[in-house]
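Data block for data05.txt (compact mmCIF, C-alpha atoms):
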# COMPACT_ATOMS: atom_id res chain seq x y z
CA MET U 625 -175.60 79.30 -263.73
CA LYS U 626 -172.56 80.77 -261.97
CA PRO U 627 -171.16 78.86 -258.98
CA SER U 628 -171.48 80.35 -255.49
CA VAL U 629 -168.68 82.46 -254.04
CA ALA U 630 -167.82 79.66 -251.59
CA ILE U 631 -167.46 77.18 -254.45
CA GLN U 632 -165.39 79.69 -256.44
CA ARG U 633 -163.12 80.24 -253.43
CA LEU U 634 -162.64 76.51 -252.93
CA GLY U 635 -162.10 76.05 -256.65
CA LEU U 636 -159.39 78.70 -256.76
CA GLU U 637 -157.59 77.15 -253.78
CA GLN U 638 -157.67 73.73 -255.44
CA ALA U 639 -156.57 75.27 -258.72
CA PHE U 640 -153.40 76.62 -257.12
CA ARG U 641 -152.54 73.24 -255.66
CA TYR U 642 -153.05 71.70 -259.09
CA LEU U 643 -151.02 74.45 -260.78
CA TYR U 644 -147.85 73.90 -258.78
CA LYS U 645 -147.73 70.19 -259.65
CA ASP U 646 -146.71 71.15 -263.20
CA PRO U 647 -146.94 74.94 -263.78
CA GLU U 648 -146.12 75.04 -267.47
CA ARG U 649 -148.60 72.34 -268.45
CA ASN U 650 -151.36 73.30 -266.01
CA LEU U 651 -151.43 77.08 -266.58
CA LEU U 652 -153.40 76.69 -269.79
CA LYS U 653 -155.73 74.10 -268.23
CA LEU U 654 -156.50 76.56 -265.45
CA MET U 655 -157.25 79.24 -268.02
CA ASP U 656 -159.74 76.87 -269.63
CA TRP U 657 -161.28 76.34 -266.19
CA ALA U 658 -161.55 80.10 -265.65
CA ASP U 659 -163.26 80.55 -269.01
CA GLN U 660 -165.74 77.83 -268.13
CA PHE U 661 -166.74 79.39 -264.83
CA SER U 662 -166.65 83.04 -265.94
CA GLY U 663 -170.20 83.09 -267.21
CA GLY U 664 -168.89 85.01 -270.22
CA GLU U 665 -167.82 87.98 -268.11
CA MET U 666 -164.49 89.87 -268.38
CA GLU U 667 -163.75 88.37 -271.80
CA PRO U 668 -161.19 91.06 -272.84
CA GLN U 669 -159.26 90.60 -269.57
CA ARG U 670 -159.28 86.81 -269.93
CA ARG U 671 -158.01 87.16 -273.51
CA VAL U 672 -155.08 89.28 -272.31
CA ILE U 673 -154.25 86.79 -269.54
CA ARG U 674 -154.37 83.88 -271.97
CA ALA U 675 -151.94 85.69 -274.27
CA ALA U 676 -149.59 86.38 -271.35
CA ILE U 677 -149.64 82.68 -270.47
CA THR U 678 -149.14 81.25 -273.95
CA ASP U 679 -147.16 83.80 -276.01
CA PRO U 680 -143.43 84.04 -275.13
CA SER U 681 -143.25 87.39 -276.94
CA HIS U 682 -145.95 88.91 -274.73
CA PRO U 683 -144.48 91.44 -272.25
CA TYR U 684 -146.23 89.73 -269.31
CA TYR U 685 -145.11 86.21 -270.19
CA PRO U 686 -142.04 86.54 -267.90
CA PHE U 687 -144.18 88.32 -265.29
CA VAL U 688 -146.45 85.28 -264.94
CA ARG U 689 -143.46 82.92 -264.70
CA ARG U 690 -141.86 85.14 -262.07
CA LEU U 691 -145.01 84.99 -259.94
CA LEU U 692 -144.81 81.20 -260.01
CA THR U 693 -141.09 80.88 -259.32
CA ASP U 694 -140.27 83.89 -257.12
CA VAL U 695 -143.35 84.12 -254.87
CA ASP U 696 -144.15 81.73 -252.04
CA PRO U 697 -147.05 79.52 -253.29
CA GLU U 698 -149.13 80.00 -250.13
CA ILE U 699 -148.80 83.78 -250.37
CA LEU U 700 -149.83 83.77 -254.02
CA LYS U 701 -152.85 81.60 -253.21
CA THR U 702 -153.89 83.73 -250.21
CA VAL U 703 -153.61 87.03 -252.07
CA ALA U 704 -155.44 85.63 -255.11
CA VAL U 705 -158.34 84.28 -253.05
CA ASN U 706 -158.66 87.43 -250.91
CA PHE U 707 -158.35 89.80 -253.86
CA PHE U 708 -160.26 88.07 -256.65
CA ILE U 709 -162.88 86.21 -254.64
CA ASN U 710 -163.41 88.23 -251.43
CA ALA U 711 -162.69 91.79 -252.58
CA ASN U 712 -164.22 91.43 -256.03
CA LEU U 713 -166.55 88.49 -256.69
CA ALA U 714 -168.07 88.66 -253.19
CA GLY U 715 -167.38 92.24 -252.13
CA TRP U 716 -168.20 94.22 -255.27
CA PRO U 717 -171.83 93.02 -255.71
CA LYS U 718 -172.50 93.70 -252.01
CA GLN U 719 -171.09 97.22 -252.36
CA GLU U 720 -173.29 97.88 -255.39
CA LYS U 721 -176.39 96.59 -253.59
CA LEU U 722 -175.76 98.81 -250.57
CA ARG U 723 -174.93 101.76 -252.83
CA ASP U 724 -178.45 101.48 -254.27
CA LYS U 725 -180.06 100.84 -250.89
CA TYR U 726 -178.56 103.87 -249.14
CA ASP U 727 -178.09 106.12 -252.21
CA CYS U 728 -174.51 106.91 -251.24
CA ASN U 729 -170.99 105.88 -252.16
CA ILE U 730 -169.73 102.55 -250.81
CA PRO U 731 -165.94 102.13 -251.17
CA TRP U 732 -164.01 99.22 -252.64
CA ALA U 733 -160.98 100.09 -250.49
CA ILE U 734 -160.41 101.97 -247.25
CA LEU U 735 -157.19 103.91 -246.70
CA LEU U 736 -156.29 104.60 -243.11
CA ASP U 737 -153.39 106.00 -241.11
CA PRO U 738 -152.42 103.85 -238.12
CA THR U 739 -150.15 106.70 -237.00
CA SER U 740 -149.02 110.17 -237.99
CA ALA U 741 -145.51 109.42 -236.76
CA CYS U 742 -142.68 108.89 -239.25
CA ASN U 743 -138.99 108.14 -238.93
CA LEU U 744 -138.22 110.38 -241.96
CA ARG U 745 -139.13 113.92 -242.93
CA CYS U 746 -139.36 114.13 -246.70
CA THR U 747 -139.38 117.42 -248.61
CA GLY U 748 -142.90 118.42 -249.63
CA CYS U 749 -144.60 115.55 -247.80
CA TRP U 750 -148.16 116.41 -246.79
CA ALA U 751 -148.15 113.70 -244.09
CA ALA U 752 -145.59 115.69 -242.11
CA GLU U 753 -148.24 118.39 -241.62
CA TYR U 754 -150.21 116.18 -239.24
CA GLY U 755 -147.55 116.07 -236.55
CA ASN U 756 -146.28 112.83 -235.02
CA ARG U 757 -148.43 112.13 -231.98
CA LEU U 758 -151.70 110.89 -233.48
CA ASN U 759 -152.64 107.22 -233.53
CA LEU U 760 -155.63 105.01 -234.20
CA SER U 761 -155.73 102.29 -231.57
CA ILE U 762 -155.62 98.70 -232.70
CA GLU U 763 -159.22 98.37 -231.45
CA GLU U 764 -160.29 101.33 -233.60
CA ILE U 765 -158.61 99.92 -236.71
CA ASP U 766 -160.17 96.54 -235.99
CA GLY U 767 -163.56 98.24 -235.70
CA ILE U 768 -163.11 100.02 -239.03
CA ILE U 769 -162.28 96.71 -240.72
CA HIS U 770 -165.29 94.98 -239.15
CA GLN U 771 -167.57 97.79 -240.35
CA GLY U 772 -165.93 97.72 -243.76
CA LYS U 773 -166.50 94.00 -244.22
CA GLU U 774 -170.19 94.51 -243.40
CA LEU U 775 -170.24 96.80 -246.45
CA GLY U 776 -168.33 94.30 -248.62
CA VAL U 777 -164.88 95.92 -248.25
CA TYR U 778 -161.95 93.47 -248.13
CA MET U 779 -159.18 95.80 -249.33
CA TYR U 780 -157.36 97.97 -246.76
CA ILE U 781 -154.49 100.31 -247.49
CA TYR U 782 -152.28 101.80 -244.77
CA THR U 783 -150.85 105.28 -245.25
CA GLY U 784 -149.32 107.68 -242.76
CA GLY U 785 -147.02 108.84 -241.32
CA GLU U 786 -145.01 105.68 -241.63
CA PRO U 787 -147.37 102.72 -241.02
CA LEU U 788 -144.53 100.37 -240.08
CA VAL U 789 -143.95 102.38 -236.91
CA ARG U 790 -146.93 100.20 -235.88
CA LYS U 791 -145.78 97.03 -237.65
CA HIS U 792 -146.55 94.64 -234.78
CA ASP U 793 -150.15 95.86 -234.62
CA LEU U 794 -150.47 95.59 -238.40
CA ILE U 795 -149.39 91.97 -238.28
CA ARG U 796 -151.98 91.25 -235.58
CA LEU U 797 -154.69 92.76 -237.76
CA CYS U 798 -153.55 90.73 -240.79
CA GLU U 799 -153.75 87.61 -238.68
CA LYS U 800 -157.23 88.40 -237.34
CA HIS U 801 -158.66 89.46 -240.71
CA ASN U 802 -157.06 86.78 -242.85
CA ASP U 803 -159.80 87.13 -245.47
CA CYS U 804 -158.63 90.64 -246.42
CA VAL U 805 -155.81 92.10 -248.49
CA PHE U 806 -153.67 94.70 -246.70
CA LEU U 807 -151.38 96.98 -248.67
CA THR U 808 -149.08 99.39 -246.87
CA PHE U 809 -147.34 102.42 -248.32
CA THR U 810 -143.98 102.58 -246.59
CA ASN U 811 -140.60 104.25 -246.88
CA GLY U 812 -139.15 100.74 -246.54
CA THR U 813 -136.51 101.58 -243.96
CA LEU U 814 -138.19 99.66 -241.10
CA ILE U 815 -138.44 96.33 -242.95
CA ASP U 816 -136.12 93.84 -241.30
CA GLU U 817 -135.66 90.05 -241.17
CA ASP U 818 -138.15 89.51 -238.34
CA PHE U 819 -140.85 91.58 -240.03
CA ALA U 820 -140.32 89.81 -243.35
CA ASP U 821 -140.77 86.48 -241.56
CA GLU U 822 -144.01 87.76 -240.03
CA MET U 823 -145.24 88.84 -243.47
CA LEU U 824 -144.42 85.37 -244.73
CA ARG U 825 -146.45 83.89 -241.89
CA VAL U 826 -149.65 85.98 -242.26
CA LYS U 827 -149.45 86.04 -246.09
CA ASN U 828 -151.83 88.97 -246.71
CA LEU U 829 -149.68 92.10 -246.27
CA ILE U 830 -148.13 93.73 -249.35
CA PRO U 831 -145.71 96.68 -249.08
CA ALA U 832 -145.58 99.50 -251.63
CA ILE U 833 -142.16 101.03 -251.04
CA SER U 834 -141.51 104.69 -251.83
CA LEU U 835 -138.79 105.55 -254.33
CA GLU U 836 -138.25 108.82 -256.16
CA GLY U 837 -136.30 107.51 -259.15
CA SER U 838 -132.52 107.54 -258.94
CA GLU U 839 -130.45 107.31 -255.78
CA ALA U 840 -129.70 111.04 -256.00
CA ASP U 841 -133.38 112.01 -256.41
CA THR U 842 -134.54 109.68 -253.63
CA ASP U 843 -131.93 110.86 -251.14
CA LEU U 844 -132.55 114.51 -252.07
CA ARG U 845 -136.19 114.22 -250.99
CA ARG U 846 -136.01 111.49 -248.33
CA GLY U 847 -132.56 111.85 -246.77
CA LEU U 848 -129.00 110.70 -247.35
CA GLY U 849 -128.67 106.91 -247.47
CA VAL U 850 -132.40 106.15 -247.73
CA TYR U 851 -132.11 104.75 -251.27
CA GLN U 852 -129.58 102.09 -250.26
CA ARG U 853 -131.67 101.13 -247.21
CA VAL U 854 -134.69 100.67 -249.49
CA ILE U 855 -132.69 98.50 -251.91
CA GLN U 856 -131.63 96.29 -249.00
CA SER U 857 -135.28 95.93 -247.93
CA MET U 858 -136.32 94.94 -251.46
CA GLU U 859 -133.53 92.37 -251.66
CA LEU U 860 -134.72 90.91 -248.36
CA LEU U 861 -138.35 90.72 -249.54
CA HIS U 862 -137.26 89.05 -252.77
CA ARG U 863 -135.18 86.50 -250.88
CA LYS U 864 -138.19 85.69 -248.69
CA LYS U 865 -140.40 85.22 -251.80
CA LEU U 866 -142.81 88.01 -250.82
CA VAL U 867 -144.96 90.19 -253.09
CA TYR U 868 -144.04 93.89 -253.09
CA GLY U 869 -144.20 96.94 -255.29
CA ILE U 870 -143.15 100.56 -255.54
CA SER U 871 -144.82 103.91 -254.92
CA SER U 872 -143.33 106.88 -256.78
CA CYS U 873 -144.34 110.52 -256.62
CA TYR U 874 -143.46 112.50 -259.74
CA THR U 875 -142.63 116.19 -259.48
CA SER U 876 -141.20 118.91 -261.70
CA VAL U 877 -137.76 117.92 -260.42
CA ASN U 878 -137.74 114.10 -260.68
CA TYR U 879 -140.33 113.34 -263.40
CA ASP U 880 -137.66 112.43 -265.97
CA SER U 881 -135.80 110.07 -263.67
CA VAL U 882 -138.84 108.43 -262.11
CA THR U 883 -140.46 107.57 -265.46
CA SER U 884 -137.32 106.66 -267.39
CA GLU U 885 -136.86 103.30 -269.08
CA GLU U 886 -133.83 102.74 -266.87
CA TYR U 887 -136.01 103.18 -263.78
CA PHE U 888 -138.60 100.67 -265.01
CA ASP U 889 -135.88 98.15 -265.86
CA ARG U 890 -134.25 98.61 -262.47
CA LEU U 891 -137.55 97.96 -260.67
CA ILE U 892 -138.04 94.76 -262.66
CA GLU U 893 -134.49 93.73 -261.85
CA LEU U 894 -135.19 94.36 -258.14
CA GLY U 895 -138.21 92.05 -258.27
CA ALA U 896 -141.05 94.56 -257.96
CA TYR U 897 -144.44 93.42 -259.26
CA PHE U 898 -146.13 96.80 -259.52
CA VAL U 899 -145.38 100.52 -259.45
CA TRP U 900 -147.94 103.10 -258.43
CA PHE U 901 -147.26 106.62 -259.69
CA PHE U 902 -148.66 109.66 -257.88
CA HIS U 903 -148.72 113.23 -259.09
CA TYR U 904 -147.29 115.68 -256.54
CA MET U 905 -150.09 117.46 -254.68
CA PRO U 906 -149.53 120.91 -253.08
CA VAL U 907 -151.23 119.92 -249.81
CA GLY U 908 -150.37 121.66 -246.54
CA ASN U 909 -149.20 125.11 -245.59
CA ASP U 910 -145.58 124.10 -246.21
CA ALA U 911 -146.22 122.59 -249.65
CA VAL U 912 -143.93 123.61 -252.51
CA PRO U 913 -146.02 124.60 -255.59
CA ASP U 914 -142.86 124.72 -257.72
CA LEU U 915 -142.79 120.90 -257.47
CA LEU U 916 -145.99 120.68 -259.53
CA PRO U 917 -145.17 119.26 -262.98
CA THR U 918 -145.65 121.53 -265.97
CA PRO U 919 -148.17 120.49 -268.65
CA LYS U 920 -145.29 119.36 -270.86
CA GLN U 921 -143.81 117.28 -268.04
CA ARG U 922 -147.14 115.68 -267.12
CA THR U 923 -147.77 114.85 -270.79
CA GLU U 924 -144.39 113.12 -270.98
CA VAL U 925 -145.23 111.10 -267.84
CA TYR U 926 -148.61 110.15 -269.36
CA ARG U 927 -147.02 108.92 -272.58
CA ARG U 928 -144.09 107.10 -270.96
CA ILE U 929 -146.11 105.12 -268.43
CA ARG U 930 -148.60 103.95 -271.05
CA LYS U 931 -145.79 102.96 -273.37
CA TYR U 932 -143.79 101.00 -270.81
CA ARG U 933 -146.70 99.11 -269.29
CA ALA U 934 -147.55 97.83 -272.77
CA GLU U 935 -143.96 96.65 -273.24
CA LYS U 936 -142.49 95.66 -269.88
CA PRO U 937 -143.36 92.98 -267.28
CA LEU U 938 -144.26 95.43 -264.54
CA PHE U 939 -147.83 96.43 -263.64
CA ALA U 940 -147.87 100.25 -263.66
CA MET U 941 -150.67 102.51 -262.39
CA ASP U 942 -150.83 106.28 -262.80
CA PHE U 943 -153.19 107.64 -260.13
CA GLN U 944 -153.81 110.98 -261.81
CA ASN U 945 -153.75 110.01 -265.49
CA ASP U 946 -155.65 106.70 -265.39
CA ALA U 947 -159.04 108.06 -264.30
CA GLU U 948 -160.66 106.92 -267.55
CA TYR U 949 -160.36 103.31 -266.39
CA VAL U 950 -162.33 103.98 -263.19
CA GLY U 951 -164.80 106.64 -264.34
CA GLY U 952 -163.09 109.73 -262.92
CA CYS U 953 -162.43 110.71 -259.31
CA ILE U 954 -162.77 107.67 -257.05
CA ALA U 955 -162.58 109.56 -253.73
CA GLY U 956 -165.38 110.39 -251.33
CA GLY U 957 -166.11 106.70 -250.92
CA CYS U 958 -166.85 106.23 -254.63
CA ARG U 959 -164.14 103.57 -254.63
CA TYR U 960 -162.10 104.68 -251.60
CA LEU U 961 -161.92 107.10 -248.69
CA HIS U 962 -159.28 108.03 -246.13
CA ILE U 963 -159.33 107.91 -242.33
CA ASN U 964 -156.49 109.78 -240.67
CA ALA U 965 -154.74 108.96 -237.40
CA ASN U 966 -157.10 111.28 -235.52
CA GLY U 967 -160.14 109.36 -236.80
CA ASP U 968 -161.24 112.07 -239.25
CA VAL U 969 -162.89 110.66 -242.37
CA ASP U 970 -161.45 112.51 -245.37
CA PRO U 971 -162.84 112.04 -248.89
CA CYS U 972 -159.31 111.58 -250.24
CA VAL U 973 -155.81 110.99 -248.98
CA PHE U 974 -154.92 114.34 -250.58
CA VAL U 975 -158.02 116.30 -249.48
CA HIS U 976 -157.78 116.99 -245.76
CA TYR U 977 -161.27 118.23 -244.96
CA SER U 978 -163.99 116.37 -243.12
CA ASP U 979 -167.35 116.60 -241.39
CA SER U 980 -167.12 113.20 -239.70
CA ASN U 981 -164.93 111.33 -237.24
CA ILE U 982 -164.95 107.54 -236.93
CA ARG U 983 -164.90 107.90 -233.16
CA LYS U 984 -168.28 109.67 -233.27
CA LYS U 985 -169.96 108.17 -236.34
CA SER U 986 -170.21 104.75 -237.90
CA LEU U 987 -168.56 104.22 -241.27
CA LEU U 988 -171.95 104.18 -242.98
CA GLU U 989 -173.00 107.40 -241.25
CA ALA U 990 -169.77 109.03 -242.43
CA LEU U 991 -170.47 107.90 -246.00
CA ARG U 992 -173.88 109.61 -245.80
CA SER U 993 -172.48 112.86 -244.37
CA PRO U 994 -172.95 116.14 -246.31
CA LEU U 995 -169.35 116.18 -247.63
CA MET U 996 -169.38 112.58 -248.83
CA MET U 997 -172.81 113.08 -250.40
CA ALA U 998 -171.48 116.17 -252.20
CA TYR U 999 -168.83 113.91 -253.74
CA HIS U 1000 -171.44 111.28 -254.55
CA ARG U 1001 -173.68 113.75 -256.36
CA GLY U 1002 -170.84 115.63 -258.07
CA GLN U 1003 -168.87 112.73 -259.56
CA PRO U 1004 -167.44 112.72 -262.13
CA PHE U 1005 -166.19 116.25 -261.65
CA ASN U 1006 -165.18 116.60 -265.29
CA ASP U 1007 -166.09 114.77 -268.49
CA ASN U 1008 -162.41 114.89 -269.44
CA MET U 1009 -160.89 111.99 -267.51
CA LEU U 1010 -157.48 113.69 -267.63
CA ARG U 1011 -158.96 116.39 -265.39
CA PRO U 1012 -160.61 114.21 -262.72
CA CYS U 1013 -159.72 115.86 -259.39
CA PRO U 1014 -161.96 118.44 -257.66
CA MET U 1015 -158.84 119.95 -256.12
CA LEU U 1016 -155.97 119.82 -258.61
CA GLU U 1017 -157.77 120.26 -261.95
CA ASN U 1018 -161.16 121.64 -260.82
CA PRO U 1019 -160.41 123.66 -257.66
CA GLU U 1020 -163.67 125.56 -257.92
CA LYS U 1021 -165.49 122.26 -257.21
CA LEU U 1022 -163.66 121.64 -253.94
CA ARG U 1023 -164.16 125.26 -252.84
CA ALA U 1024 -167.90 124.88 -253.38
CA MET U 1025 -168.19 121.53 -251.59
CA ILE U 1026 -166.32 122.73 -248.51
CA ALA U 1027 -168.36 125.94 -248.39
CA GLN U 1028 -171.67 124.10 -248.78
CA THR U 1029 -170.95 121.42 -246.19
CA GLY U 1030 -168.97 123.38 -243.60
CA ALA U 1031 -166.23 120.73 -243.55
CA TYR U 1032 -163.22 121.50 -241.38
CA SER U 1033 -159.49 121.14 -241.98
CA THR U 1034 -158.25 117.87 -240.53
CA ASP U 1035 -154.69 119.11 -240.18
CA LEU U 1036 -154.55 119.64 -236.43
CA GLN U 1037 -151.00 121.00 -236.42
CA SER U 1038 -151.30 123.61 -239.17
CA PRO U 1039 -154.90 123.93 -240.48
CA GLU U 1040 -155.07 124.99 -244.11
CA SER U 1041 -158.05 126.89 -245.47
CA VAL U 1042 -159.61 125.56 -248.64
CA GLU U 1043 -158.91 128.90 -250.30
CA HIS U 1044 -155.20 128.65 -249.48
CA LEU U 1045 -155.07 125.12 -250.88
CA CYS U 1046 -157.09 125.78 -254.02
CA ALA U 1047 -155.23 129.00 -254.80
CA LYS U 1048 -152.13 126.84 -255.32
CA CYS U 1049 -154.07 124.77 -257.87
CA ASP U 1050 -155.78 127.56 -259.85
CA ARG U 1051 -152.82 128.36 -262.09
CA TYR U 1052 -151.99 124.69 -262.55
CA ALA U 1053 -155.59 123.90 -263.56
CA ARG U 1054 -155.67 126.73 -266.12
CA ARG U 1055 -152.35 125.69 -267.66
CA TRP U 1056 -153.23 121.98 -267.81
CA ARG U 1057 -156.73 122.44 -269.26
CA GLY U 1058 -155.73 123.02 -272.89
CA THR U 1059 -153.14 120.24 -272.94
CA ALA U 1060 -155.50 117.82 -271.21
CA ASP U 1061 -158.36 118.55 -273.60
CA LYS U 1062 -156.09 117.94 -276.58
CA LEU U 1063 -154.78 114.66 -275.14
CA TRP U 1064 -158.29 113.52 -274.31
CA ARG U 1065 -159.54 114.21 -277.85
CA GLU U 1066 -156.57 112.28 -279.25
CA SER U 1067 -157.21 109.31 -276.98
CA ARG U 1068 -160.88 109.19 -278.01
CA LYS U 1069 -159.92 109.04 -281.68
CA GLY U 1070 -157.51 106.19 -280.99

Render the structure in this file as structure tokens.
Amino acid sequence: MKPSVAIQRLGLEQAFRYLYKDPERNLLKLMDWADQFSGGEMEPQRRVIRAAITDPSHPYYPFVRRLLTDVDPEILKTVAVNFFINANLAGWPKQEKLRDKYDCNIPWAILLDPTSACNLRCTGCWAAEYGNRLNLSIEEIDGIIHQGKELGVYMYIYTGGEPLVRKHDLIRLCEKHNDCVFLTFTNGTLIDEDFADEMLRVKNLIPAISLEGSEADTDLRRGLGVYQRVIQSMELLHRKKLVYGISSCYTSVNYDSVTSEEYFDRLIELGAYFVWFFHYMPVGNDAVPDLLPTPKQRTEVYRRIRKYRAEKPLFAMDFQNDAEYVGGCIAGGCRYLHINANGDVDPCVFVHYSDSNIRKKSLLEALRSPLMMAYHRGQPFNDNMLRPCPMLENPEKLRAMIAQTGAYSTDLQSPESVEHLCAKCDRYARRWRGTADKLWRESRKG
């Protein structure tokens, strides 16, 4: 019989206290404890973790040691309890139960924009299309989190705009909802000593800092001097023993730099624990379709990221090419949704159409709206998991869903028709199809 969530939570907290008494000796004992209480579940994952703990030649052997020596123990304990116990062991079963009860998607994570404002203006950034005067009030964000927790959601991800324009409010929310994990995508330029100290105090806020590869590539897209400001922020976070990672968008211009071995090694050297790669999306009337990677370029990204994450102590995720691990498109509340700074509930951070606003509907009502139900009934949008997106690789699917549901553009500054958006993806989808099908067949044989 598996122990209750409360007992598991207490056990994990005690395990961390035990671990730090003698990390090298007690790591393996804790793994034995985890095996005992697993109920036989997640055996492949536990086998990988055991290898990373015991085998010095394993690429994640130094990663585990770095977590124990370079991260504040209370932060590591808080994040582990909130992520593994609250967001997964407690949250996931509740989400599945409600998914069956209401016959709709229930998300694992909620992305939301505290503000549309940003202190930078990056080339090709869809967020800039929103303008800079929209904000969710702290009470509205608090309400979203309360509703989310009722549905079993303990993972919240801030996007924007630049979320740290509202950093004092974000800290207040971390403090109030100390049972949740908060991740914030940020350009990193607003992280200072005082904010790092506040992160150290609340313990449940993790930044994912945007970099575009080399200093030249980053400054070309984000502005002169931004790269060095980001490096200074990372050095500060490392000195404070905080957990942080990187967000990188790959384009036709920077794909080689941003997925190079030198880039991976530099991120490890800078103390990052994860890197999240995003394919450039041609969203917004001012988007630059020429920045879309070619099939050859995307294939190279696909191969490089998979190679390096099997060899290097850095957890790498590829949002567009890793759909096979999550069953295809995860938007529309399947595993996440997006709420913009105007309160519009979008199915995806890259798909700016909605038929619901959080100021007029509850979160559950939004999840049962025609657009979200179209996602629910249509997923997966392609049996080839290298063609998961209803916009980028299957634009005819997004056209149909918007037409059927009457969803509106949520870009209040420069509304973009679905036809205008999807027309930018049609050629890309045709060109990628043959390459993707070949790669998918190869991966199935392997």

Taking only residues of range 882-908 of chain U that have an atom at most 10 Å from an atom of range 842-858 of chain U, what is each one's shortest atom pair and its distance in Å to one decimal, using all atoms listed in the file, in chain and number order, as a tab-separated table?
residue	atom	partner	partner_atom	distance
U:Val882	CA	U:Thr842	CA	9.6
U:Leu891	CA	U:Met858	CA	9.8
U:Leu894	CA	U:Met858	CA	6.8
U:Gly895	CA	U:Met858	CA	7.6
U:Ala896	CA	U:Met858	CA	8.0

With C-alpha atoms retained, write the just-selected residues as an mmCIF file, in the frame of the given file.
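See out-v9.cif below for the written result:
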data_model
loop_
_atom_site.group_PDB
_atom_site.id
_atom_site.type_symbol
_atom_site.label_atom_id
_atom_site.label_comp_id
_atom_site.auth_asym_id
_atom_site.auth_seq_id
_atom_site.Cartn_x
_atom_site.Cartn_y
_atom_site.Cartn_z
ATOM 1 C CA VAL U 882 -138.840 108.430 -262.110
ATOM 2 C CA LEU U 891 -137.550 97.960 -260.670
ATOM 3 C CA LEU U 894 -135.190 94.360 -258.140
ATOM 4 C CA GLY U 895 -138.210 92.050 -258.270
ATOM 5 C CA ALA U 896 -141.050 94.560 -257.960
#

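Minimum atom-to-atom distance to Ala832 in chain U, evaluated using all atoms listed in the file, belongs to U:Trp900 out of U:Thr693, U:Leu794, U:Trp900, U:Tyr874.
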
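All residues that come within 12 Å of the coordinates (-168.5, 119.3, -265.0), counting all atoms listed in the file, are given as Gly952, Cys953, Arg1001, Gly1002, Gln1003, Pro1004, Phe1005, Asn1006, Asp1007, Asn1008, Met1009, Arg1011, Pro1012, Cys1013, Pro1014, Glu1017, Asn1018, Pro1019, Glu1020 and Lys1021 of chain U.
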
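Closest approach to Asp1061 in chain U among U:Glu764, U:Pro919, U:Ser978, U:His862: U:Pro919, based on only C-alpha atoms.
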
*Check the smallest atom-to-atom distance from each of U:Lys936, U:His962, U:Arg671, U:Arg1051 to Leu987 in chain U using only C-alpha atoms, then report the winner.*
U:His962

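Between Tyr897 in chain U and the candidates U:Trp716, U:Phe974, U:Phe687, U:Trp1056, the tightest atom-to-atom separation, counting all atoms listed in the file, involves U:Phe687.
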
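Considering all atoms listed in the file, the residue among U:Cys728, U:Ala676, U:Arg983, U:Phe902 positioned nearest to Glu763 in chain U is U:Arg983.
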
*So, counting only C-alpha atoms, which residue among U:Asp979, U:Lys865, U:Arg757, U:Glu839 is closest to Ala820 in chain U?*
U:Lys865

*Contacts of range 1032-1041 of chain U at 12 Å (only C-alpha atoms; same-chain gap of 3+ positions) as number ranges by chain*: U: 740, 750-758, 906-911, 962-981, 995, 1022-1023, 1025-1029, 1044-1048

*Near Leu915 in chain U, counting all atoms listed in the file, which residues have an atom at most 12 Å away, once you skip same-chain residues fewer than 2 positions from it, shown as a count of residues only?*
26

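Atom to atom, CA of His801 in chain U and CA of Asn828 in chain U stand 9.1 Å apart.
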
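CA of Tyr778 in chain U lies 7.7 Å from CA of Phe707 in chain U.
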
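Of note, CA of Ser1067 in chain U and CA of Glu667 in chain U are spaced 22.5 Å apart.
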
_Polymer residues at most 12 Å from Leu991 in chain U, all atoms listed in the file, same-chain spacing of 5 or more positions, as an MDAnalysis selection string_ = chainID U and resid 722:723 726:731 734 771:772 775 955:963 969:971 978:982 985:986 996:1000

Centre and edge lengths of an axis-aligned box around all listed atoms of range 795-806 of chain U, with 8 Å added on each side, are to be given in Å to one decimal, as lines of an AutoDock Vina configuration file.
center_x = -154.6
center_y = 90.7
center_z = -242.0
size_x = 26.4
size_y = 23.9
size_z = 28.9

Since the input is missing atoms for range 638-642 of chain U, could you rebuild it with N, CA, C and O atoms and give the result as a PDB file, in the coordinates of the input?
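out17.pdb written:
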ATOM      1  N   GLN U 638    -158.033  75.012-254.835  1.00  0.00           N
ATOM      2  CA  GLN U 638    -157.670  73.730-255.440  1.00  0.00           C
ATOM      3  C   GLN U 638    -156.884  73.936-256.729  1.00  0.00           C
ATOM      4  O   GLN U 638    -155.956  73.180-257.038  1.00  0.00           O
ATOM      5  N   ALA U 639    -157.250  74.986-257.466  1.00  0.00           N
ATOM      6  CA  ALA U 639    -156.570  75.270-258.720  1.00  0.00           C
ATOM      7  C   ALA U 639    -155.092  75.583-258.484  1.00  0.00           C
ATOM      8  O   ALA U 639    -154.223  75.155-259.259  1.00  0.00           O
ATOM      9  N   PHE U 640    -154.796  76.306-257.414  1.00  0.00           N
ATOM     10  CA  PHE U 640    -153.400  76.620-257.120  1.00  0.00           C
ATOM     11  C   PHE U 640    -152.614  75.367-256.742  1.00  0.00           C
ATOM     12  O   PHE U 640    -151.454  75.216-257.138  1.00  0.00           O
ATOM     13  N   ARG U 641    -153.230  74.491-255.997  1.00  0.00           N
ATOM     14  CA  ARG U 641    -152.540  73.240-255.660  1.00  0.00           C
ATOM     15  C   ARG U 641    -152.252  72.433-256.918  1.00  0.00           C
ATOM     16  O   ARG U 641    -151.175  71.855-257.073  1.00  0.00           O
ATOM     17  N   TYR U 642    -153.210  72.406-257.819  1.00  0.00           N
ATOM     18  CA  TYR U 642    -153.050  71.700-259.090  1.00  0.00           C
ATOM     19  C   TYR U 642    -151.966  72.359-259.943  1.00  0.00           C
ATOM     20  O   TYR U 642    -151.127  71.689-260.544  1.00  0.00           O
TER      21      TYR U 642
END
